[in-house]
Every structure is written in C-alpha cells, then in structure tokens.
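Q: Data file work.cif (mmCIF, C-alpha atoms and all ligand atoms) is appended below.
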data_coords
#
loop_
_atom_site.label_atom_id
_atom_site.label_comp_id
_atom_site.auth_asym_id
_atom_site.auth_seq_id
_atom_site.Cartn_x
_atom_site.Cartn_y
_atom_site.Cartn_z
CA GLU A 1 -50.89 48.49 -18.62
CA PRO A 2 -51.19 45.65 -21.11
CA GLY A 3 -53.77 42.90 -20.82
CA ALA A 4 -53.03 39.41 -19.54
CA THR A 5 -54.27 35.90 -20.22
CA GLY A 6 -55.00 33.08 -17.79
CA ARG A 7 -55.55 29.42 -18.65
CA ALA A 8 -56.76 26.29 -16.88
CA GLY A 9 -57.94 22.84 -17.89
CA ALA A 10 -60.71 20.43 -17.02
CA LYS A 11 -60.16 17.55 -14.61
CA ALA A 12 -61.76 14.22 -13.89
CA ILE A 13 -61.55 12.35 -10.61
CA LEU A 14 -60.19 8.86 -11.21
CA LEU A 15 -61.02 7.79 -7.69
CA GLY A 16 -61.85 9.37 -4.35
CA GLU A 17 -64.64 11.89 -4.89
CA HIS A 18 -66.68 12.40 -1.70
CA ALA A 19 -64.14 10.39 0.31
CA VAL A 20 -61.72 13.37 0.01
CA VAL A 21 -64.25 15.51 1.83
CA TYR A 22 -63.58 13.20 4.82
CA GLY A 23 -59.80 13.24 4.61
CA ARG A 24 -59.26 10.22 2.37
CA PRO A 25 -56.86 10.45 -0.59
CA ALA A 26 -57.95 10.80 -4.21
CA ILE A 27 -56.43 10.62 -7.69
CA ALA A 28 -57.42 13.08 -10.40
CA ILE A 29 -56.41 13.41 -14.03
CA PRO A 30 -56.23 16.47 -16.27
CA VAL A 31 -58.55 16.51 -19.29
CA ARG A 32 -56.57 18.40 -21.90
CA ALA A 33 -59.29 18.43 -24.55
CA LEU A 34 -61.31 20.90 -22.47
CA GLY A 35 -60.17 24.21 -21.09
CA VAL A 36 -60.76 27.85 -20.23
CA GLU A 37 -58.98 30.96 -21.38
CA ALA A 38 -59.60 34.31 -19.71
CA HIS A 39 -58.31 37.67 -20.80
CA ALA A 40 -58.28 40.79 -18.61
CA ARG A 41 -57.32 44.34 -19.50
CA PRO A 42 -57.81 47.77 -17.92
CA ALA A 43 -61.25 49.15 -18.83
CA ASP A 44 -62.04 52.59 -20.21
CA ASP A 45 -65.21 52.74 -18.13
CA ARG A 46 -66.38 50.56 -15.24
CA GLY A 47 -65.62 47.25 -16.86
CA HIS A 48 -67.36 44.66 -19.03
CA LEU A 49 -67.62 40.91 -18.86
CA SER A 50 -67.92 38.74 -21.91
CA SER A 51 -68.62 35.01 -21.54
CA THR A 52 -71.04 32.42 -22.90
CA LEU A 53 -73.33 33.09 -19.94
CA TYR A 54 -73.34 36.88 -20.06
CA HIS A 55 -72.18 39.91 -22.03
CA GLY A 56 -72.44 43.27 -20.32
CA PRO A 57 -71.34 45.63 -17.59
CA ILE A 58 -69.76 43.84 -14.64
CA ALA A 59 -71.88 45.91 -12.25
CA GLN A 60 -75.04 44.33 -13.72
CA ALA A 61 -73.82 40.75 -13.95
CA PRO A 62 -76.40 38.26 -12.59
CA ASP A 63 -75.94 36.08 -9.49
CA ARG A 64 -75.19 32.93 -11.47
CA LEU A 65 -71.86 34.57 -12.33
CA GLY A 66 -71.02 34.58 -8.64
CA VAL A 67 -67.95 32.37 -9.02
CA THR A 68 -66.46 34.54 -11.78
CA LEU A 69 -67.17 37.75 -9.88
CA THR A 70 -65.82 36.36 -6.61
CA ALA A 71 -62.68 35.21 -8.44
CA MET A 72 -62.23 38.64 -10.02
CA ARG A 73 -62.76 40.55 -6.76
CA ALA A 74 -60.53 38.23 -4.74
CA ALA A 75 -57.73 38.66 -7.30
CA LEU A 76 -58.11 42.46 -7.38
CA ALA A 77 -57.98 42.59 -3.59
CA ALA A 78 -54.88 40.34 -3.51
CA ALA A 79 -53.20 42.63 -6.05
CA GLY A 80 -53.97 45.63 -3.84
CA ARG A 81 -56.28 47.12 -6.49
CA PRO A 82 -59.77 46.47 -5.06
CA GLY A 83 -61.50 49.21 -7.05
CA ALA A 84 -59.78 48.69 -10.41
CA ALA A 85 -62.04 48.37 -13.47
CA LEU A 86 -61.20 45.61 -15.94
CA ASP A 87 -62.71 44.22 -19.10
CA ILE A 88 -62.76 40.45 -18.79
CA ALA A 89 -63.40 37.97 -21.59
CA ILE A 90 -63.82 34.27 -20.85
CA GLU A 91 -63.92 31.41 -23.32
CA SER A 92 -64.56 27.93 -21.99
CA SER A 93 -65.10 24.56 -23.62
CA ILE A 94 -65.73 22.86 -20.25
CA PRO A 95 -69.41 22.08 -19.75
CA ALA A 96 -70.63 23.51 -16.44
CA GLU A 97 -71.96 21.33 -13.63
CA ARG A 98 -70.72 18.05 -15.08
CA GLY A 99 -68.10 17.22 -12.46
CA LEU A 100 -65.27 18.34 -14.76
CA GLY A 101 -64.05 21.21 -12.63
CA SER A 102 -65.54 24.00 -14.72
CA SER A 103 -65.99 26.43 -11.82
CA ALA A 104 -62.45 25.93 -10.49
CA ALA A 105 -61.00 26.22 -14.00
CA VAL A 106 -62.90 29.43 -14.76
CA SER A 107 -61.81 30.83 -11.38
CA ALA A 108 -58.17 29.86 -11.97
CA ALA A 109 -58.10 31.41 -15.45
CA VAL A 110 -59.83 34.63 -14.33
CA ILE A 111 -57.57 35.00 -11.29
CA GLU A 112 -54.41 34.47 -13.34
CA ALA A 113 -55.60 37.00 -15.96
CA VAL A 114 -56.64 39.62 -13.39
CA LEU A 115 -53.40 39.29 -11.40
CA GLY A 116 -51.43 39.51 -14.63
CA ALA A 117 -53.31 42.61 -15.76
CA CYS A 118 -52.44 44.21 -12.40
CA GLY A 119 -48.79 43.25 -12.81
CA PHE A 120 -48.99 41.10 -9.68
CA ALA A 121 -47.10 37.82 -9.50
CA ALA A 122 -48.72 35.29 -7.15
CA ASP A 123 -47.04 32.18 -5.79
CA ASP A 124 -48.77 28.79 -5.99
CA GLU A 125 -50.25 28.91 -2.49
CA THR A 126 -51.73 32.38 -3.04
CA MET A 127 -53.23 31.21 -6.35
CA HIS A 128 -54.68 28.15 -4.63
CA GLU A 129 -56.22 30.20 -1.81
CA LEU A 130 -57.78 32.63 -4.31
CA ILE A 131 -59.32 29.79 -6.33
CA GLN A 132 -60.63 28.25 -3.11
CA THR A 133 -62.23 31.58 -2.19
CA ALA A 134 -64.18 31.49 -5.46
CA GLU A 135 -64.95 27.77 -5.07
CA ARG A 136 -66.41 28.38 -1.62
CA ALA A 137 -68.86 30.79 -3.24
CA ALA A 138 -69.92 27.94 -5.53
CA HIS A 139 -69.83 24.83 -3.36
CA GLY A 140 -69.65 25.79 0.29
CA ALA A 141 -66.72 23.77 1.62
CA PRO A 142 -64.72 22.38 -1.32
CA SER A 143 -61.93 19.92 -0.53
CA GLY A 144 -59.49 21.80 -2.77
CA LEU A 145 -59.04 18.89 -5.16
CA ASP A 146 -60.51 20.81 -8.11
CA ALA A 147 -58.56 23.97 -7.28
CA ARG A 148 -55.32 21.99 -7.29
CA THR A 149 -56.01 19.79 -10.31
CA VAL A 150 -57.17 22.38 -12.84
CA ARG A 151 -53.68 23.89 -12.75
CA ALA A 152 -51.88 20.53 -12.93
CA ARG A 153 -50.59 19.04 -16.16
CA LYS A 154 -50.32 15.45 -14.97
CA ALA A 155 -52.20 12.93 -12.89
CA VAL A 156 -52.18 13.98 -9.24
CA TRP A 157 -52.44 12.29 -5.88
CA PHE A 158 -54.41 14.50 -3.50
CA ASP A 159 -54.15 13.99 0.23
CA ARG A 160 -55.40 16.41 2.86
CA GLY A 161 -55.10 19.54 0.79
CA ARG A 162 -51.82 18.78 -0.99
CA ILE A 163 -50.98 17.24 -4.34
CA GLU A 164 -48.12 15.07 -5.45
CA PRO A 165 -47.42 13.80 -8.96
CA VAL A 166 -48.55 10.27 -9.72
CA SER A 167 -46.18 8.12 -11.72
CA VAL A 168 -47.90 6.59 -14.73
CA GLY A 169 -46.37 3.39 -16.12
CA ASP A 170 -47.79 3.63 -19.64
CA ASP A 171 -50.30 5.74 -21.59
CA LEU A 172 -53.79 5.27 -20.15
CA VAL A 173 -56.70 6.13 -22.42
CA PHE A 174 -59.96 7.22 -20.83
CA VAL A 175 -63.33 8.04 -22.32
CA ILE A 176 -65.55 10.59 -20.59
CA ALA A 177 -69.27 10.53 -21.37
CA ASP A 178 -71.66 13.25 -20.31
CA THR A 179 -75.12 12.13 -19.15
CA GLY A 180 -76.42 15.60 -20.06
CA VAL A 181 -77.88 15.70 -16.55
CA ARG A 182 -76.54 18.53 -14.40
CA GLY A 183 -74.35 17.25 -11.61
CA ARG A 184 -75.49 18.48 -8.23
CA THR A 185 -72.29 18.48 -6.20
CA ARG A 186 -73.50 20.60 -3.30
CA GLU A 187 -76.62 18.45 -2.91
CA ALA A 188 -74.64 15.23 -3.24
CA VAL A 189 -72.09 16.34 -0.63
CA ALA A 190 -74.97 17.23 1.74
CA ALA A 191 -76.61 13.83 1.10
CA VAL A 192 -73.43 11.99 2.10
CA ALA A 193 -73.14 14.11 5.27
CA HIS A 194 -76.76 13.32 6.15
CA ARG A 195 -76.31 9.59 5.55
CA ARG A 196 -73.16 9.65 7.67
CA GLU A 197 -75.13 11.05 10.59
CA LYS A 198 -77.76 8.33 10.30
CA ASP A 199 -75.38 5.46 9.55
CA PRO A 200 -71.89 6.47 10.72
CA ARG A 201 -70.47 2.93 10.63
CA GLY A 202 -71.74 2.07 7.16
CA VAL A 203 -70.60 5.35 5.63
CA GLU A 204 -67.21 5.33 7.37
CA SER A 205 -66.54 1.81 6.13
CA ALA A 206 -67.39 2.86 2.54
CA LEU A 207 -65.13 5.92 2.88
CA ASP A 208 -62.32 3.74 4.27
CA GLU A 209 -62.67 1.35 1.36
CA LEU A 210 -62.57 4.26 -1.12
CA GLY A 211 -59.38 5.48 0.57
CA GLU A 212 -57.82 2.02 0.36
CA LEU A 213 -58.82 1.74 -3.29
CA ALA A 214 -57.13 5.07 -4.01
CA THR A 215 -53.93 3.93 -2.29
CA ALA A 216 -53.87 0.64 -4.23
CA LEU A 217 -54.78 2.46 -7.43
CA ARG A 218 -51.75 4.72 -7.16
CA ARG A 219 -49.56 1.63 -7.38
CA ASP A 220 -51.63 0.12 -10.21
CA VAL A 221 -51.33 3.36 -12.21
CA SER A 222 -47.57 3.36 -11.73
CA THR A 223 -47.38 -0.14 -13.24
CA ALA A 224 -50.22 0.60 -15.72
CA ASP A 225 -52.11 -2.50 -14.55
CA ARG A 226 -55.24 -1.72 -16.57
CA ASP A 227 -57.33 -4.61 -15.29
CA ALA A 228 -56.67 -3.65 -11.68
CA ILE A 229 -57.42 0.02 -12.41
CA GLY A 230 -60.67 -1.01 -14.12
CA SER A 231 -61.87 -3.16 -11.22
CA ALA A 232 -61.06 -0.41 -8.71
CA MET A 233 -63.17 1.99 -10.80
CA ASN A 234 -66.09 -0.46 -10.89
CA ARG A 235 -65.93 -0.98 -7.13
CA ALA A 236 -65.76 2.78 -6.54
CA HIS A 237 -68.90 3.24 -8.64
CA GLU A 238 -70.75 0.69 -6.47
CA LEU A 239 -69.57 2.38 -3.28
CA LEU A 240 -70.60 5.82 -4.57
CA ASN A 241 -74.04 4.45 -5.44
CA GLY A 242 -74.19 3.10 -1.89
CA LEU A 243 -73.44 6.58 -0.58
CA GLY A 244 -76.48 7.87 -2.48
CA VAL A 245 -74.73 10.02 -5.07
CA GLY A 246 -75.59 7.91 -8.12
CA ASP A 247 -78.21 8.49 -10.77
CA PRO A 248 -79.95 6.15 -13.25
CA ALA A 249 -78.42 8.10 -16.16
CA LEU A 250 -74.94 7.43 -14.73
CA ASP A 251 -75.66 3.70 -14.26
CA HIS A 252 -76.97 3.50 -17.81
CA LEU A 253 -73.70 4.90 -19.23
CA VAL A 254 -71.56 2.77 -16.89
CA HIS A 255 -73.34 -0.35 -18.17
CA ALA A 256 -73.02 0.80 -21.78
CA ALA A 257 -69.29 1.41 -21.23
CA MET A 258 -68.77 -2.09 -19.80
CA ALA A 259 -70.77 -3.63 -22.63
CA GLY A 260 -68.66 -1.59 -25.04
CA GLY A 261 -65.38 -3.09 -23.85
CA ALA A 262 -64.34 -0.70 -21.06
CA LEU A 263 -62.06 -2.21 -18.41
CA GLY A 264 -63.87 -0.21 -15.75
CA ALA A 265 -66.29 2.70 -15.48
CA LYS A 266 -67.60 4.97 -12.77
CA LEU A 267 -69.24 8.28 -12.15
CA THR A 268 -66.73 11.11 -11.79
CA GLY A 269 -67.08 14.24 -9.66
CA GLY A 270 -69.94 15.06 -7.36
CA GLY A 271 -72.44 12.71 -9.00
CA ARG A 272 -76.26 12.81 -9.16
CA GLY A 273 -75.65 13.59 -12.82
CA GLY A 274 -72.59 14.80 -14.68
CA CYS A 275 -70.14 12.42 -16.33
CA VAL A 276 -68.95 8.85 -16.43
CA LEU A 277 -65.24 8.05 -16.72
CA ALA A 278 -64.32 4.78 -18.46
CA LEU A 279 -60.94 3.15 -19.00
CA ALA A 280 -60.28 1.82 -22.50
CA ARG A 281 -57.73 -0.86 -23.38
CA ASP A 282 -56.05 1.42 -25.97
CA THR A 283 -56.72 4.28 -28.41
CA ALA A 284 -58.52 2.10 -30.96
CA SER A 285 -60.87 0.63 -28.34
CA ALA A 286 -61.46 4.13 -26.94
CA GLU A 287 -62.84 5.19 -30.31
CA GLU A 288 -65.19 2.23 -30.38
CA LEU A 289 -66.19 2.83 -26.79
CA GLY A 290 -66.93 6.50 -27.53
CA GLY A 291 -69.24 5.48 -30.39
CA ARG A 292 -70.99 3.00 -28.14
CA LEU A 293 -71.55 5.64 -25.45
CA THR A 294 -72.88 8.13 -28.00
CA ARG A 295 -75.35 5.54 -29.28
CA ALA A 296 -76.33 4.83 -25.65
CA GLY A 297 -77.43 8.46 -25.40
CA ALA A 298 -74.41 10.35 -24.03
CA ALA A 299 -74.80 14.09 -24.62
CA ALA A 300 -71.07 14.38 -25.38
CA VAL A 301 -68.03 12.12 -25.36
CA TRP A 302 -64.34 13.01 -24.99
CA THR A 303 -61.21 10.89 -25.04
CA THR A 304 -58.31 11.81 -22.82
CA THR A 305 -54.91 10.16 -22.58
CA VAL A 306 -52.89 10.26 -19.39
CA GLU A 307 -49.36 10.01 -20.66
CA GLY A 308 -47.00 7.48 -19.18
CA VAL A 309 -43.39 8.36 -18.50
CA ALA A 310 -41.14 6.66 -20.99
O1 LIG B 1 -68.39 17.70 -9.08
P1 LIG B 1 -67.06 18.32 -8.91
O2 LIG B 1 -66.17 18.31 -10.11
O3 LIG B 1 -67.16 19.68 -8.28
O4 LIG B 1 -66.24 17.37 -7.87
C1 LIG B 1 -66.66 17.29 -6.54
C2 LIG B 1 -65.77 16.38 -5.75
C3 LIG B 1 -66.29 16.13 -4.33
O5 LIG B 1 -65.34 15.26 -3.73
C4 LIG B 1 -67.64 15.47 -4.35
C5 LIG B 1 -66.38 17.40 -3.51
C6 LIG B 1 -65.06 18.03 -3.13
O6 LIG B 1 -65.13 19.16 -2.61
O7 LIG B 1 -64.00 17.42 -3.32
#
Just give me the structure as structure tokens.
Ligand code: PMV

A:
Amino acid sequence: EPGATGRAGAKAILLGEHAVVYGRPAIAIPVRALGVEAHARPADDRGHLSSTLYHGPIAQAPDRLGVTLTAMRAALAAAGRPGAALDIAIESSIPAERGLGSSAAVSAAVIEAVLGACGFAADDETMHELIQTAERAAHGAPSGLDARTVRARKAVWFDRGRIEPVSVGDDLVFVIADTGVRGRTREAVAAVAHRREKDPRGVESALDELGELATALRRDVSTADRDAIGSAMNRAHELLNGLGVGDPALDHLVHAAMAGGALGAKLTGGGRGGCVLALARDTASAEELGGRLTRAGAAAVWTTTVEGVA
C-alpha cells in the first residue's frame, strides 16, 4: 500500500462566533497562507508520529495530542482497519489555540491521509462526521463551523450545521493579527452559557443581533460594501465583549487596527485571546495596517484576500 497525503487550511470567522453555538448563522473565510499537510503510510512496526509537538511511537504519544490521535483512530475505524499501524507525519503552519481552526485542520488532514493510506474513499458527510469526532475531543460540543470551513476554498455561510458558498462582489483584503495570547475557546463557550443562564434576555438579544448582522453582512459581502462590512465587524466586536469573551490584548489590537486605517476590526474565533481580524481598504493599505499591528505588539500578522468573482 502506498502512502497518502491530506491537506486542510486555516479559517477565520468573519462574523458569528459564539452565536452559531445557539443556532444563529455565521460567515467564515479561508486563510490560504496557513495550512496543514499530513502524510500517512503503513508502518513497519507499531507506528510513529512526527509533528512539531511530538516525535515518537504513537503508543506513547502524550494526552495533548488527543485530537490527532482521536482523528487517526476514528479514520482507521471508519476504514474498517481499527488495528492498522501507520506512520504519520504532520506539518502545520497554523498556530494552535488562536481561533484559526488549527485543531479542525489537523484533524481533517490526518483523517484524509489515513483514509487514503487505507484505500478508503469517504464522502463529504463522512469526512465531516470524522472531523467532528476529533473536534469533540478538543472542544466538547463544537458547532461544526470549523470542521466545515477548513475544507472549504471560499467564503462560507454556515447555518445550523450546513454551509453554502457566499458570493463575494470584489476582492476583500483582511489582515489577521495574533495577540500571542492563547485563545480559550472551551472556557469562552462555557462563560457565554453561564451568562445566558443568569441573563437570558440580555444574552439572547446580543445573539439575535449577531445573527442579524451575519444576515446583513452576507448581502454586503456580495456587493463588496467595505464600509458596511467594517461597521458590522466593529459592532460584532462590541457584542462579543459584552458576552464576556473579550480580552485587553484583543481590544488593544482592534484599536491599533482602527488607528491604522482598518475599515473594521474584531476578535475572531473563541476569543479570550487568539487573533483579531481587520478589513483593509485594499492590498496597499493592508501592508501598512500589518506594519502598524506589528508595531502595536502583534506576535504575528498575516494578510488574506477573499477573492471576488469576476
Ligand atoms: O476558536 P475557534 O477557532 O475554535 O472558534 C470557535 C467558534 C465558536 O463559535 C466560539 C465555537 C463553535 O463551536 O463554533
């Protein structure tokens, strides 16, 4: 049996994180600059894993590799080869725990590689379910947005478990800046749930507004109305802060982005750390904005263009 390769990309949530957990729609964009490649091949012995986090026998891999191991085992079981030994190598440029979908992307790449190495062809729904199995090991009850988006090549509309393509009126250039602070998605999701118990009306109204913003945003993206997209992002950032998932490091970069000419900026992903997503007017301003965010202390900055249909 020959080896097989699996690939997946990073994602950023343009609008709707946390609200999706409560059935509201969201829009996510692929981040092509960052990705994962996994390679799997039949092992001579019991199987080795090679990744930035760990090099060694799979049987001795530490708990923090739980997502990778769950992904591998779920894929082997789906292929009807639960006991098969594979050597797996993973290379990822997606920083972990920054709200960029690293765990879903690693899972997707590993699952695709393992299934390929077993000669098993999975349909989209099977792939999605396998990624979700690994994501549950990482986050508890993931909405499925990450699992869907890391395999998408375009901007996606996500509503109650399903994605649809989003039409994009013109190239939209975004800058992503990493606070360097680990995002704490599980904790942030739990904090929103707790707040919702104490203040159901307040939280529901914020979630409703986030849902309405996502719906309006879909139209603004289709006409590439950059000012409208920017204000929706700013409002979403305020609402997310109100839900208790912000962080001073995020606010600092959001302010720096706005001072640096962004049309809008917000936290992206689970929050409490992780990254800020900012909309630039064009490629030239994105470069300036990136420099500004670096000088403001961002640990890393990436530019990503969501291509419009000509
Ligand atoms: O931080 P990330 O990239 O895992 O994104 C989490 C998005 C949430 O809406 C907060 C949770 C979810 O399951 O969708």

Q: Could you check which of A:Leu213, A:Leu76, A:Ala190, A:Leu130 is closest to Gly16 of chain A, using only C-alpha atoms?

A: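 Closest to Gly16 of chain A of all the choices is A:Leu213.
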
Q: Write out as number ranges by chain the residues lying within 9 Å of segment 40-51 of chain A, counting only C-alpha atoms and excluding same-chain residues fewer than 6 positions away.

A: A: 1-6, 57-59, 61, 84-92, 110, 113-118

Q: Find the smallest box with edges along x, y and z containing every listed atom of ligand LIG 1 (chain B), then add 6 Å on each side and report centre and edge lengths in Å to one decimal, as AutoDock Vina command-line options.

A:
--center_x -66.2 --center_y 17.5 --center_z -6.4 --size_x 16.4 --size_y 16.4 --size_z 19.5

Q: Do you have the atom CA of Arg160 of chain A-atom CA of Ser205 of chain A distance handy?

A: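 Computed distance, atom CA of Arg160 of chain A to atom CA of Ser205 of chain A, equals 18.7 Å.
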
Q: Which polymer residues have any atom within 8 Å of an atom of Ala104 of chain A, counting all atoms listed in the file, with same-chain residues fewer than 2 positions away left out, as a list in words?

A: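 Here the qualifying residues turn out to be Gly101, Ser102, Val106, Ser107, Ala108, Ile131, Gln132, Ala134, Glu135, Asp146, Ala147 and Val150 of chain A.
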
Q: Using only C-alpha atoms, which of the listed residues (A:His55, A:His255, A:Arg7, A:Arg32) sits closest to Leu100 of chain A?

A: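 The shortest atom-to-atom distance to Leu100 of chain A comes from A:Arg32.
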
Q: Quick one: distance from atom CA of Leu293 of chain A to atom CA of Leu267 of chain A in Å, one decimal?

A: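 Separation between atom CA of Leu293 of chain A and atom CA of Leu267 of chain A: 13.8 Å.
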
Q: Would you mind listing the residues within 8 Å of ligand LIG 1 (chain B), counting only C-alpha atoms and all ligand atoms, as a ChimeraX atom specification?

A: /A:11-13,16-21,97-103,139,141-146,183-186,188-189,268-271,274

Q: Rank A:Asp63, A:Asp220, A:Glu129, A:Asp178 by their smallest atom-to-atom distance to Ala96 of chain A, using all atoms listed in the file, and report the top residue only.

A: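 The answer is A:Asp178, which sits nearest to Ala96 of chain A.
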
Q: Which value, in Å to one decimal, gives the distance between atom CA of Ala256 of chain A and atom CA of Val276 of chain A?

A: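 A separation of 10.5 Å between them.
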
Q: May I ask which of the residues A:Gly56, A:Gly119, A:Pro165, A:Gly140 is the closest one to Ala78 of chain A, counting all atoms listed in the file?

A: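 Ranked by minimum distance to Ala78 of chain A, first place goes to A:Gly119.
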
Q: Which residue gives the smallest distance to Leu172 of chain A among A:Arg226, A:Leu243, A:Thr149, A:Ala265, with all atoms listed in the file counted?

A: A:Arg226

Q: Kindly output segment 236-261 of chain A as a short mmCIF file (atom, residue, chain, number, x, y, z; two decimals), keeping the file's coordinate frame, after building N, CA, C and O atoms.

A:
data_model
loop_
_atom_site.label_atom_id
_atom_site.label_comp_id
_atom_site.auth_asym_id
_atom_site.auth_seq_id
_atom_site.Cartn_x
_atom_site.Cartn_y
_atom_site.Cartn_z
N ALA A 236 -65.50 1.43 -7.01
CA ALA A 236 -65.76 2.78 -6.54
C ALA A 236 -67.16 3.23 -6.97
O ALA A 236 -67.88 3.88 -6.20
N HIS A 237 -67.56 2.85 -8.18
CA HIS A 237 -68.90 3.24 -8.64
C HIS A 237 -69.98 2.64 -7.74
O HIS A 237 -70.93 3.32 -7.34
N GLU A 238 -69.80 1.35 -7.38
CA GLU A 238 -70.75 0.69 -6.47
C GLU A 238 -70.80 1.42 -5.13
O GLU A 238 -71.88 1.65 -4.58
N LEU A 239 -69.62 1.72 -4.60
CA LEU A 239 -69.57 2.38 -3.28
C LEU A 239 -70.22 3.76 -3.34
O LEU A 239 -70.94 4.16 -2.42
N LEU A 240 -70.00 4.49 -4.43
CA LEU A 240 -70.60 5.82 -4.57
C LEU A 240 -72.12 5.71 -4.68
O LEU A 240 -72.86 6.50 -4.09
N ASN A 241 -72.60 4.69 -5.40
CA ASN A 241 -74.04 4.45 -5.44
C ASN A 241 -74.56 4.19 -4.03
O ASN A 241 -75.61 4.69 -3.65
N GLY A 242 -73.81 3.41 -3.27
CA GLY A 242 -74.19 3.10 -1.89
C GLY A 242 -74.25 4.34 -1.01
O GLY A 242 -75.00 4.39 -0.05
N LEU A 243 -73.43 5.34 -1.36
CA LEU A 243 -73.44 6.58 -0.58
C LEU A 243 -74.60 7.50 -1.01
O LEU A 243 -74.82 8.56 -0.41
N GLY A 244 -75.30 7.10 -2.05
CA GLY A 244 -76.48 7.87 -2.48
C GLY A 244 -76.18 9.01 -3.44
O GLY A 244 -76.97 9.94 -3.58
N VAL A 245 -75.04 8.93 -4.14
CA VAL A 245 -74.73 10.02 -5.07
C VAL A 245 -74.84 9.59 -6.54
O VAL A 245 -74.39 10.29 -7.44
N GLY A 246 -75.42 8.41 -6.76
CA GLY A 246 -75.59 7.91 -8.12
C GLY A 246 -76.79 8.54 -8.81
O GLY A 246 -77.43 9.46 -8.28
N ASP A 247 -77.07 8.03 -9.99
CA ASP A 247 -78.21 8.49 -10.77
C ASP A 247 -78.43 7.43 -11.86
O ASP A 247 -77.46 6.87 -12.36
N PRO A 248 -79.70 7.16 -12.21
CA PRO A 248 -79.95 6.15 -13.25
C PRO A 248 -79.23 6.46 -14.56
O PRO A 248 -78.77 5.54 -15.25
N ALA A 249 -79.10 7.74 -14.91
CA ALA A 249 -78.42 8.10 -16.16
C ALA A 249 -76.94 7.72 -16.10
O ALA A 249 -76.34 7.31 -17.11
N LEU A 250 -76.35 7.83 -14.91
CA LEU A 250 -74.94 7.43 -14.73
C LEU A 250 -74.81 5.91 -14.86
O LEU A 250 -73.93 5.41 -15.56
N ASP A 251 -75.70 5.17 -14.18
CA ASP A 251 -75.66 3.70 -14.26
C ASP A 251 -75.82 3.23 -15.70
O ASP A 251 -75.13 2.31 -16.14
N HIS A 252 -76.72 3.88 -16.42
CA HIS A 252 -76.97 3.50 -17.81
C HIS A 252 -75.67 3.61 -18.63
O HIS A 252 -75.32 2.70 -19.38
N LEU A 253 -74.94 4.72 -18.46
CA LEU A 253 -73.70 4.90 -19.23
C LEU A 253 -72.58 3.99 -18.72
O LEU A 253 -71.75 3.53 -19.51
N VAL A 254 -72.56 3.71 -17.42
CA VAL A 254 -71.56 2.77 -16.89
C VAL A 254 -71.79 1.39 -17.51
O VAL A 254 -70.85 0.74 -17.99
N HIS A 255 -73.05 0.96 -17.56
CA HIS A 255 -73.34 -0.35 -18.17
C HIS A 255 -73.00 -0.36 -19.65
O HIS A 255 -72.42 -1.33 -20.15
N ALA A 256 -73.33 0.71 -20.34
CA ALA A 256 -73.02 0.80 -21.78
C ALA A 256 -71.51 0.74 -21.98
O ALA A 256 -71.02 0.10 -22.92
N ALA A 257 -70.76 1.41 -21.11
CA ALA A 257 -69.29 1.41 -21.23
C ALA A 257 -68.76 -0.01 -21.06
O ALA A 257 -67.92 -0.48 -21.85
N MET A 258 -69.25 -0.73 -20.05
CA MET A 258 -68.77 -2.09 -19.80
C MET A 258 -69.14 -3.01 -20.97
O MET A 258 -68.33 -3.84 -21.40
N ALA A 259 -70.35 -2.82 -21.48
CA ALA A 259 -70.77 -3.63 -22.63
C ALA A 259 -69.95 -3.27 -23.87
O ALA A 259 -69.79 -4.09 -24.78
N GLY A 260 -69.43 -2.06 -23.89
CA GLY A 260 -68.66 -1.59 -25.04
C GLY A 260 -67.17 -1.86 -24.91
O GLY A 260 -66.37 -1.31 -25.68
N GLY A 261 -66.78 -2.68 -23.93
CA GLY A 261 -65.38 -3.09 -23.85
C GLY A 261 -64.53 -2.32 -22.86
O GLY A 261 -63.32 -2.50 -22.82
#
